[in-house]
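Beneath this line is the structure, given in structure tokens, with notes to follow.
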Number of protein chains: 2
Amino acid sequence: MTSYYNNFESIGREAMEALNSMLDREARFEVTGMGADGTATKVPDKICEDIIINRVRDQDLPFNIVSEEAGIVQRGYREYIMTDPLDGTYNALNGIPFYSISIATMGQDFTTLDTGFIMNLSNGDIYYSEKGKGVKKNGKPRFPARTGSHIINIGSDPDPFTAQILKMGGRRRILGCASLEMALVATGSADLVSYMSPESKIRNIDIAAGTAMIREAGGEVLDSGHKVMNMGLDVTLRDKFYAACDRKLLEDLR
Amino acid sequence: MTSYYNNFESIGREAMEALNSMLDREARFEVTGMGADGTATKVPDKICEDIIINRVRDQDLPFNIVSEEAGIVQRGYREYIMTDPLDGTYNALNGIPFYSISIATMGQDFTTLDTGFIMNLSNGDIYYSEKGKGVKKNGKPRFPARTGSHIINIGSDPDPFTAQILKMGGRRRILGCASLEMALVATGSADLVSYMSPESKIRNIDIAAGTAMIREAGGEVLDSGHKVMNMGLDVTLRDKFYAACDRKLLEDLR
């Protein structure tokens with residue numbers, strides 16, 4: 001299997017530079033409240049998406065593309081790049097330093113995930129996995145760990161599943177960027193990530209790269225029905241999920 | 001009033017470099033579970049504290065020092081630097097990219113706070129306030145905003161105050177670094193930060209710089225008794241707190 005790490009890294013660095021210079025320039029939008037819910041919110045996502053699509057075309061990488069705005073871009077290949085060009089848009093627009101670009105390579109669905117690339121666009125950290133080759137953070141092998149901390153997406157009133165996680169003790173985090181949160185679980189920063197609250201609406205592009213990475217770390221991603229997560233190419237579908245690398249923990253929650 | 005921005009910035013950059021090279025080198029500690037609760041946890045805090053104390057001495061800045069490990073270091077001045085050399089140690093040690101160095105200047109207690117300096121040691125962002133001169137992020141003026149998002153420290157079972165915040169809707173975040181969370185509120189990234197759960201145990205060094213910054217942004221920090229926060233030089237005391245820049249929001253919660 002060819003590695004596209006260098007291609008994805010250069011795409012990520014270009015997106016990080018373009019995005020942060022835009023956020024810096026237009027910081028006034030945050031202050032006035034403009035931009036967060038209007039058309040301006042789309043600008044940073046579009047900037048990152050254009051970079052991905054253009055670079056995949058320029059370098060003629062052998063993939064079709066599934067992305068947030070563009071949907072499915074057929075380029076005559078069998079394999080797909082499934083990408084969220086900017087995950088954690090709310091964080092990015094509001095100055096919360098936790099947002100990412102995520103890129104997965106796969107066939108028609110999550111049973112054929114190959115590569116997971118997730119880059120923290122606030123500090124430049126890169127999380128990367130290839131099937132059978134382990135998970136790396138900034139080029140170094142990383143492994144899951146039991147930390148006692150759990151990442152949760154919590155609603156107005158914790159639902160029974162989320163309440164169960166709160167009662168497990170340890171540290172809790174709500175970080176607001178599913179792909180990067182999954183990368184943290186795959187690399188030993190937290191035990192679990194859960195988007196099971198009634199308000200959670202997760203798309204294939206949000207979790208494709210994270211799913212590749214969690215599985216490569218020996219873990220699994222389960223859906224709202226507690227079954228092994230599988231999603232296809234349709235970006236309009238939504239689901240809930242939770243993921244961990246420790247199978248016993250998943251069994252306990254199931 | 002003399003500005004010590006340049007001094008604090010160079011201290012922050014030195015701490016960031018030393019800390020991240022150590023975390024990078026000893027990443028294995030995270031994986032094996034060593035370091036998170038044992039003596040090794042103290043190492044990064046101590047590295048950052050040594051940098052502050054040594055630089056304040058080298059440059060003979062006109063302050064005594066109150067810090068985490070060292071306690072009160074009398075240097076024969078009236079004013080104090082109150083510092084948490086590494087806030088969010090848990091995040092730093094576990095690869096969660098949200099931890100800071102925070103430095104306040106003040107007299108004997110929080111009624112005489114002058115300067116707030118908070119630097120995100122994961123991405124290098126600097127939040128800074130001087131009394132009467134506003135709040136800046138990376139050198140640019142920033143203002144609070146109503147974003148509809150709330151930063152909470154949540155317990156195993158949300159207490160009534162925390163449950164009230166959850167029911168307010170909007171986005172919730174748990175980021176695990178009080179000083180940096182206060183900086184986000186002062187610069188328009190979130191409406192509120194609350195450490196009012198029964199598990200919250202906040203020290204003067206954790207919130208001195210953030211309190212200076214929130215007040216400079218027009219807001220206030222309230223204690224567990226819903227009174228204006230005041231803390232002195234004793235690093236052994238603990239309290240809970242919540243803080244916002246919108247006075248109406250504080251009144252509603254009070």
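Letters for chains follow the order of the structure tokens (A, B, ...), residue numbers begin at 1 for each chain, and ligand numbers begin at 1 in the order shown.
Residues of chain A lying within 6 Å of chain B, counting only C-alpha atoms, are Val31, Asn94, Gly95, Asn123, Ala145, Ser156, Leu166, Lys167, Arg173, Ile174, Leu175 and Ser189 of chain A.
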### Message
Set the distance at 12 Å and use only C-alpha atoms: which residues neighbour A:Asp252 once local chain neighbours fewer than 3 positions away are removed? I'd like the list as a ChimeraX atom specification.
### Response
/A:161,164-165,168,226,244,246-249
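Every protein or nucleic acid residue with an atom no more than 8 Å from stretch 111-119 of chain B, counting only C-alpha atoms and leaving out same-chain residues fewer than 4 positions away, appears here: Tyr5, Phe8, Gly12, Ser100, Ile101, Ser102, Ile103, Ala104, Thr105, Met106, Gly107, Gly124, Asp125, Ile126, Tyr127, Tyr128, Ser129, Glu130, Lys131, Ser179, Leu180, Ala183, Ala208, Ala209, Gly210, Thr211, Ala212, Met213 and Asn230 of chain B.
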Expected file contents, prior selection, N, CA, C and O atoms, as a compact mmCIF listing (two decimals), in the first residue's frame:
```txt
# COMPACT_ATOMS: atom_id res chain seq x y z
N TYR B 5 5.36 42.79 29.93
CA TYR B 5 4.93 41.87 28.87
C TYR B 5 6.11 41.13 28.24
O TYR B 5 6.10 39.91 28.12
N PHE B 8 7.56 38.52 30.53
CA PHE B 8 6.70 37.35 30.70
C PHE B 8 6.65 36.54 29.40
O PHE B 8 6.62 35.30 29.43
N GLY B 12 7.56 32.69 29.07
CA GLY B 12 6.59 31.75 28.52
C GLY B 12 7.18 30.93 27.38
O GLY B 12 6.99 29.71 27.32
N SER B 100 -1.22 25.67 30.26
CA SER B 100 -0.75 27.05 30.21
C SER B 100 0.27 27.37 31.30
O SER B 100 0.45 26.62 32.27
N ILE B 101 0.90 28.52 31.13
CA ILE B 101 1.64 29.16 32.21
C ILE B 101 0.84 30.42 32.52
O ILE B 101 0.36 31.10 31.61
N SER B 102 0.62 30.72 33.80
CA SER B 102 -0.12 31.94 34.12
C SER B 102 0.63 32.75 35.18
O SER B 102 1.19 32.19 36.13
N ILE B 103 0.65 34.05 34.97
CA ILE B 103 1.39 34.96 35.84
C ILE B 103 0.53 36.19 36.10
O ILE B 103 0.05 36.83 35.16
N ALA B 104 0.30 36.50 37.37
CA ALA B 104 -0.39 37.75 37.74
C ALA B 104 0.58 38.62 38.52
O ALA B 104 1.47 38.11 39.20
N THR B 105 0.40 39.94 38.44
CA THR B 105 1.08 40.82 39.39
C THR B 105 0.03 41.49 40.26
O THR B 105 -1.06 41.83 39.80
N MET B 106 0.34 41.64 41.55
CA MET B 106 -0.64 42.11 42.52
C MET B 106 0.06 42.52 43.81
O MET B 106 1.25 42.31 43.98
N GLY B 107 -0.76 43.13 44.68
CA GLY B 107 -0.27 43.41 46.04
C GLY B 107 -0.53 42.19 46.91
O GLY B 107 -0.18 41.08 46.56
N GLY B 124 1.09 28.33 21.79
CA GLY B 124 1.81 29.59 21.89
C GLY B 124 0.96 30.85 21.96
O GLY B 124 1.51 31.96 22.04
N ASP B 125 -0.37 30.72 21.95
CA ASP B 125 -1.23 31.91 22.07
C ASP B 125 -0.98 32.62 23.41
O ASP B 125 -0.90 31.96 24.45
N ILE B 126 -0.92 33.95 23.37
CA ILE B 126 -0.70 34.73 24.59
C ILE B 126 -1.88 35.67 24.85
O ILE B 126 -2.27 36.46 23.99
N TYR B 127 -2.44 35.56 26.03
CA TYR B 127 -3.53 36.42 26.51
C TYR B 127 -2.93 37.33 27.57
O TYR B 127 -2.25 36.87 28.48
N TYR B 128 -3.25 38.63 27.48
CA TYR B 128 -2.57 39.57 28.36
C TYR B 128 -3.46 40.75 28.71
O TYR B 128 -4.16 41.29 27.86
N SER B 129 -3.44 41.13 29.97
CA SER B 129 -4.18 42.34 30.37
C SER B 129 -3.35 43.15 31.36
O SER B 129 -2.60 42.60 32.16
N GLU B 130 -3.50 44.48 31.23
CA GLU B 130 -2.97 45.39 32.26
C GLU B 130 -4.13 46.25 32.71
O GLU B 130 -4.99 46.61 31.90
N LYS B 131 -4.13 46.57 33.98
CA LYS B 131 -5.24 47.35 34.54
C LYS B 131 -5.41 48.66 33.77
O LYS B 131 -4.45 49.43 33.63
N SER B 179 -7.02 28.59 34.20
CA SER B 179 -6.49 29.90 33.80
C SER B 179 -6.78 30.17 32.32
O SER B 179 -7.25 31.25 31.94
N LEU B 180 -6.54 29.16 31.50
CA LEU B 180 -6.75 29.33 30.06
C LEU B 180 -8.24 29.42 29.73
O LEU B 180 -8.65 30.16 28.83
N ALA B 183 -9.17 32.92 30.35
CA ALA B 183 -8.69 33.76 29.25
C ALA B 183 -9.65 33.69 28.06
O ALA B 183 -9.91 34.69 27.40
N ALA B 208 -5.47 33.73 39.67
CA ALA B 208 -5.08 35.14 39.86
C ALA B 208 -5.00 35.88 38.53
O ALA B 208 -5.63 36.93 38.34
N ALA B 209 -4.26 35.34 37.57
CA ALA B 209 -4.11 36.01 36.27
C ALA B 209 -5.45 36.08 35.54
O ALA B 209 -5.80 37.10 34.94
N GLY B 210 -6.22 34.99 35.62
CA GLY B 210 -7.53 34.96 34.96
C GLY B 210 -8.49 35.97 35.58
O GLY B 210 -9.29 36.59 34.88
N THR B 211 -8.41 36.15 36.90
CA THR B 211 -9.28 37.13 37.57
C THR B 211 -8.92 38.54 37.13
O THR B 211 -9.80 39.36 36.83
N ALA B 212 -7.62 38.84 37.04
CA ALA B 212 -7.19 40.15 36.54
C ALA B 212 -7.76 40.40 35.14
O ALA B 212 -8.27 41.48 34.83
N MET B 213 -7.73 39.37 34.31
CA MET B 213 -8.14 39.51 32.91
C MET B 213 -9.65 39.65 32.77
O MET B 213 -10.15 40.47 32.01
N ASN B 230 -12.05 37.04 46.41
CA ASN B 230 -10.80 37.61 46.89
C ASN B 230 -9.96 36.50 47.53
O ASN B 230 -10.47 35.67 48.27
```
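Computed from the coordinates, the atom CA of A:Glu9 to atom CA of A:Val135 distance equals 15.1 Å.
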### Query
DSSP says alpha helix (DSSP H) for which residues of stretch 5-247 of chain B? Put them as a count of residues only?
81
### Message
With only C-alpha atoms as the counted atoms, please give the residues lying no more than 12 Å from B:Arg238, apart from itself and same-chain residues fewer than 5 positions off, as an NGL selection string.
### Response
:B and (195-196 or 198-207 or 223-224 or 229-233)
Please, could you write that set of residues out with all heavy atoms as a compact mmCIF listing (two decimals), in the first residue's frame?
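File produced: out.txt:
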```txt
# COMPACT_ATOMS: atom_id res chain seq x y z
N TYR B 195 -16.37 26.46 37.96
CA TYR B 195 -15.78 25.37 38.75
C TYR B 195 -16.53 25.33 40.08
O TYR B 195 -15.99 25.61 41.13
CB TYR B 195 -14.29 25.60 38.98
CG TYR B 195 -13.41 25.17 37.84
CD1 TYR B 195 -13.42 25.86 36.63
CD2 TYR B 195 -12.56 24.08 37.95
CE1 TYR B 195 -12.61 25.47 35.57
CE2 TYR B 195 -11.74 23.69 36.90
CZ TYR B 195 -11.77 24.39 35.72
OH TYR B 195 -10.96 24.00 34.67
N MET B 196 -17.83 24.99 40.01
CA MET B 196 -18.67 25.00 41.20
C MET B 196 -19.09 23.58 41.60
O MET B 196 -19.84 23.41 42.55
CB MET B 196 -19.91 25.86 40.94
CG MET B 196 -19.60 27.35 40.83
SD MET B 196 -19.12 28.11 42.43
CE MET B 196 -20.76 28.50 43.08
N PRO B 198 -18.82 19.90 43.36
CA PRO B 198 -18.23 19.56 44.65
C PRO B 198 -16.75 19.16 44.54
O PRO B 198 -16.01 19.26 45.50
CB PRO B 198 -19.07 18.37 45.13
CG PRO B 198 -20.36 18.49 44.39
CD PRO B 198 -20.03 19.11 43.07
N GLU B 199 -16.33 18.70 43.35
CA GLU B 199 -14.94 18.25 43.19
C GLU B 199 -13.97 19.39 42.90
O GLU B 199 -12.76 19.17 42.85
CB GLU B 199 -14.88 17.21 42.06
CG GLU B 199 -15.66 15.94 42.40
CD GLU B 199 -16.02 15.10 41.18
OE1 GLU B 199 -15.32 15.20 40.16
OE2 GLU B 199 -17.01 14.36 41.26
N SER B 200 -14.49 20.59 42.68
CA SER B 200 -13.62 21.71 42.31
C SER B 200 -12.82 22.21 43.51
O SER B 200 -13.39 22.46 44.57
CB SER B 200 -14.46 22.87 41.76
OG SER B 200 -15.18 22.48 40.62
N LYS B 201 -11.52 22.31 43.33
CA LYS B 201 -10.64 22.81 44.40
C LYS B 201 -9.63 23.74 43.78
O LYS B 201 -8.57 23.31 43.31
CB LYS B 201 -9.93 21.64 45.10
CG LYS B 201 -10.86 20.83 45.98
CD LYS B 201 -10.16 19.59 46.52
CE LYS B 201 -11.16 18.73 47.29
NZ LYS B 201 -10.60 17.41 47.60
N ILE B 202 -9.96 25.01 43.81
CA ILE B 202 -9.17 26.00 43.07
C ILE B 202 -8.30 26.79 44.05
O ILE B 202 -8.74 27.17 45.13
CB ILE B 202 -10.15 26.92 42.31
CG1 ILE B 202 -10.75 26.18 41.12
CG2 ILE B 202 -9.48 28.22 41.88
CD1 ILE B 202 -9.79 25.92 40.00
N ARG B 203 -7.05 27.02 43.64
CA ARG B 203 -6.10 27.80 44.46
C ARG B 203 -5.94 29.20 43.90
O ARG B 203 -6.23 29.44 42.72
CB ARG B 203 -4.73 27.12 44.44
CG ARG B 203 -4.72 25.69 44.95
CD ARG B 203 -3.47 24.96 44.50
NE ARG B 203 -3.37 24.94 43.04
CZ ARG B 203 -2.40 24.34 42.36
NH1 ARG B 203 -1.43 23.73 43.00
NH2 ARG B 203 -2.40 24.35 41.05
N ASN B 204 -5.43 30.09 44.71
CA ASN B 204 -5.15 31.46 44.26
C ASN B 204 -4.29 31.49 42.99
O ASN B 204 -4.58 32.24 42.05
CB ASN B 204 -4.49 32.26 45.39
CG ASN B 204 -3.29 31.57 46.04
OD1 ASN B 204 -2.85 30.50 45.58
ND2 ASN B 204 -2.76 32.17 47.09
N ILE B 205 -3.26 30.63 42.95
CA ILE B 205 -2.36 30.66 41.78
C ILE B 205 -3.05 30.23 40.49
O ILE B 205 -2.65 30.62 39.41
CB ILE B 205 -1.10 29.79 42.01
CG1 ILE B 205 -1.47 28.34 42.34
CG2 ILE B 205 -0.23 30.38 43.12
CD1 ILE B 205 -0.27 27.39 42.33
N ASP B 206 -4.11 29.41 40.62
CA ASP B 206 -4.83 28.95 39.42
C ASP B 206 -5.59 30.08 38.75
O ASP B 206 -5.77 30.07 37.53
CB ASP B 206 -5.87 27.87 39.80
CG ASP B 206 -5.24 26.61 40.36
OD1 ASP B 206 -4.23 26.16 39.80
OD2 ASP B 206 -5.74 26.09 41.39
N ILE B 207 -6.11 31.02 39.56
CA ILE B 207 -7.07 31.99 38.99
C ILE B 207 -6.64 33.45 39.12
O ILE B 207 -7.39 34.33 38.69
CB ILE B 207 -8.47 31.81 39.60
CG1 ILE B 207 -8.46 32.08 41.12
CG2 ILE B 207 -9.02 30.41 39.31
CD1 ILE B 207 -9.87 32.20 41.70
N ASP B 223 -17.12 33.70 44.20
CA ASP B 223 -16.63 32.53 44.93
C ASP B 223 -17.78 31.58 45.27
O ASP B 223 -18.91 31.77 44.83
CB ASP B 223 -15.84 32.97 46.17
CG ASP B 223 -16.70 33.69 47.20
OD1 ASP B 223 -17.96 33.59 47.13
OD2 ASP B 223 -16.13 34.37 48.07
N SER B 224 -17.48 30.55 46.06
CA SER B 224 -18.49 29.53 46.37
C SER B 224 -19.69 30.12 47.10
O SER B 224 -20.78 29.56 47.06
CB SER B 224 -17.86 28.41 47.20
OG SER B 224 -17.21 28.96 48.33
N MET B 229 -14.82 37.39 44.31
CA MET B 229 -13.66 36.57 44.70
C MET B 229 -12.54 37.43 45.25
O MET B 229 -12.15 38.43 44.65
CB MET B 229 -13.16 35.82 43.46
CG MET B 229 -11.92 34.98 43.67
SD MET B 229 -12.15 33.62 44.85
CE MET B 229 -13.05 32.44 43.82
N ASN B 230 -12.05 37.04 46.41
CA ASN B 230 -10.80 37.61 46.89
C ASN B 230 -9.96 36.50 47.53
O ASN B 230 -10.47 35.67 48.27
CB ASN B 230 -11.04 38.73 47.91
CG ASN B 230 -9.76 39.52 48.16
OD1 ASN B 230 -8.81 39.44 47.38
ND2 ASN B 230 -9.72 40.28 49.24
N MET B 231 -8.70 36.45 47.16
CA MET B 231 -7.79 35.49 47.77
C MET B 231 -6.49 36.21 48.07
O MET B 231 -6.13 37.17 47.38
CB MET B 231 -7.53 34.30 46.83
CG MET B 231 -8.77 33.48 46.52
SD MET B 231 -8.44 32.08 45.39
CE MET B 231 -8.72 30.69 46.48
N GLY B 232 -5.81 35.76 49.12
CA GLY B 232 -4.55 36.37 49.51
C GLY B 232 -3.36 35.56 49.00
O GLY B 232 -3.42 34.99 47.91
N LEU B 233 -2.34 35.49 49.80
CA LEU B 233 -1.07 34.89 49.36
C LEU B 233 -0.93 33.42 49.74
O LEU B 233 0.00 32.75 49.31
CB LEU B 233 0.10 35.68 49.96
CG LEU B 233 0.13 37.19 49.64
CD1 LEU B 233 1.30 37.85 50.38
CD2 LEU B 233 0.23 37.43 48.14
```
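Coordinates place atom CA of B:Gln59 at a distance of 19.4 Å from atom CA of B:Ala18.
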#### Entry: Point-to-point distance in Å for atom CA of A:Ser10 and atom CA of A:Tyr80
18.8 Å
### Task
Write out as JSON, numbers by chain all residues of stretch 54-212 of chain B that DSSP puts in strand (DSSP E or B) for this structure's backbone.
{"B": [64, 65, 66, 67, 71, 72, 73, 80, 81, 82, 83, 84, 85, 86, 87, 100, 101, 102, 103, 104, 105, 106, 115, 116, 117, 118, 119, 120, 126, 127, 128, 129, 130, 135, 136, 137, 140, 141, 142, 149, 150, 151, 152, 171, 172, 173, 174, 192, 193, 194, 195, 202]}
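Nearest-residue note for B:Ser67: choosing from B:Thr83, B:Thr236, B:Gln108, B:Asn54, the minimum distance belongs to B:Thr83, counting only C-alpha atoms.
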#### Entry: Residue contacts of A:Asp87 (6 Å, only C-alpha atoms) excluding same-chain residues fewer than 2 positions away, as a ChimeraX atom specification
/A:84,89,99-100,177
Could you name the residues that touch B:Arg55 at 12 Å or less, counting only C-alpha atoms, but leaving out those on the same chain fewer than 3 positions away, as a PDB file with N, CA and C atoms, in the first residue's frame?
```pdb
ATOM      1  N   ASN B   7       9.093  40.592  29.365  1.00  0.00           N
ATOM      2  CA  ASN B   7       9.697  39.642  30.302  1.00  0.00           C
ATOM      3  C   ASN B   7       8.877  38.357  30.385  1.00  0.00           C
ATOM      4  N   PHE B   8       7.556  38.525  30.534  1.00  0.00           N
ATOM      5  CA  PHE B   8       6.705  37.353  30.698  1.00  0.00           C
ATOM      6  C   PHE B   8       6.647  36.536  29.405  1.00  0.00           C
ATOM      7  N   GLU B   9       6.637  37.231  28.272  1.00  0.00           N
ATOM      8  CA  GLU B   9       6.609  36.510  26.999  1.00  0.00           C
ATOM      9  C   GLU B   9       7.862  35.635  26.853  1.00  0.00           C
ATOM     10  N   SER B  10       9.018  36.189  27.196  1.00  0.00           N
ATOM     11  CA  SER B  10      10.237  35.376  27.022  1.00  0.00           C
ATOM     12  C   SER B  10      10.282  34.228  28.026  1.00  0.00           C
ATOM     13  N   ILE B  11       9.749  34.452  29.216  1.00  0.00           N
ATOM     14  CA  ILE B  11       9.621  33.351  30.186  1.00  0.00           C
ATOM     15  C   ILE B  11       8.698  32.266  29.629  1.00  0.00           C
ATOM     16  N   GLY B  12       7.560  32.693  29.074  1.00  0.00           N
ATOM     17  CA  GLY B  12       6.588  31.748  28.520  1.00  0.00           C
ATOM     18  C   GLY B  12       7.175  30.925  27.379  1.00  0.00           C
ATOM     19  N   GLU B  14      10.311  30.259  26.824  1.00  0.00           N
ATOM     20  CA  GLU B  14      11.322  29.337  27.355  1.00  0.00           C
ATOM     21  C   GLU B  14      10.648  28.127  28.016  1.00  0.00           C
ATOM     22  N   ALA B  15       9.583  28.381  28.773  1.00  0.00           N
ATOM     23  CA  ALA B  15       8.855  27.286  29.433  1.00  0.00           C
ATOM     24  C   ALA B  15       8.227  26.360  28.395  1.00  0.00           C
ATOM     25  N   CYS B  48       8.989  24.349  34.772  1.00  0.00           N
ATOM     26  CA  CYS B  48       8.416  25.672  34.466  1.00  0.00           C
ATOM     27  C   CYS B  48       8.624  26.636  35.635  1.00  0.00           C
ATOM     28  N   GLU B  49       8.475  26.141  36.855  1.00  0.00           N
ATOM     29  CA  GLU B  49       8.662  27.018  38.015  1.00  0.00           C
ATOM     30  C   GLU B  49      10.104  27.523  38.106  1.00  0.00           C
ATOM     31  N   ASP B  50      11.050  26.630  37.870  1.00  0.00           N
ATOM     32  CA  ASP B  50      12.462  27.035  37.922  1.00  0.00           C
ATOM     33  C   ASP B  50      12.745  28.144  36.910  1.00  0.00           C
ATOM     34  N   ILE B  51      12.150  28.018  35.734  1.00  0.00           N
ATOM     35  CA  ILE B  51      12.371  29.046  34.706  1.00  0.00           C
ATOM     36  C   ILE B  51      11.859  30.400  35.198  1.00  0.00           C
ATOM     37  N   ILE B  52      10.648  30.413  35.757  1.00  0.00           N
ATOM     38  CA  ILE B  52      10.089  31.685  36.240  1.00  0.00           C
ATOM     39  C   ILE B  52      10.961  32.276  37.343  1.00  0.00           C
ATOM     40  N   ASP B  58      17.236  36.710  37.694  1.00  0.00           N
ATOM     41  CA  ASP B  58      18.253  37.170  36.726  1.00  0.00           C
ATOM     42  C   ASP B  58      18.000  38.609  36.313  1.00  0.00           C
ATOM     43  N   GLN B  59      16.714  38.903  36.042  1.00  0.00           N
ATOM     44  CA  GLN B  59      16.365  40.234  35.531  1.00  0.00           C
ATOM     45  C   GLN B  59      15.994  41.176  36.676  1.00  0.00           C
ATOM     46  N   ASP B  60      16.092  40.678  37.879  1.00  0.00           N
ATOM     47  CA  ASP B  60      15.716  41.422  39.077  1.00  0.00           C
ATOM     48  C   ASP B  60      14.401  42.190  38.900  1.00  0.00           C
ATOM     49  N   LEU B  61      13.369  41.456  38.475  1.00  0.00           N
ATOM     50  CA  LEU B  61      12.047  42.082  38.384  1.00  0.00           C
ATOM     51  C   LEU B  61      11.578  42.408  39.803  1.00  0.00           C
ATOM     52  N   PRO B  62      10.917  43.560  39.993  1.00  0.00           N
ATOM     53  CA  PRO B  62      10.623  44.058  41.347  1.00  0.00           C
ATOM     54  C   PRO B  62       9.416  43.387  42.010  1.00  0.00           C
ATOM     55  N   PHE B  63       9.512  42.073  42.176  1.00  0.00           N
ATOM     56  CA  PHE B  63       8.399  41.326  42.760  1.00  0.00           C
ATOM     57  C   PHE B  63       8.906  40.223  43.685  1.00  0.00           C
ATOM     58  N   ILE B  65       7.588  36.401  44.877  1.00  0.00           N
ATOM     59  CA  ILE B  65       6.957  35.379  44.035  1.00  0.00           C
ATOM     60  C   ILE B  65       6.110  34.444  44.900  1.00  0.00           C
TER      61      ILE B  65
END
```
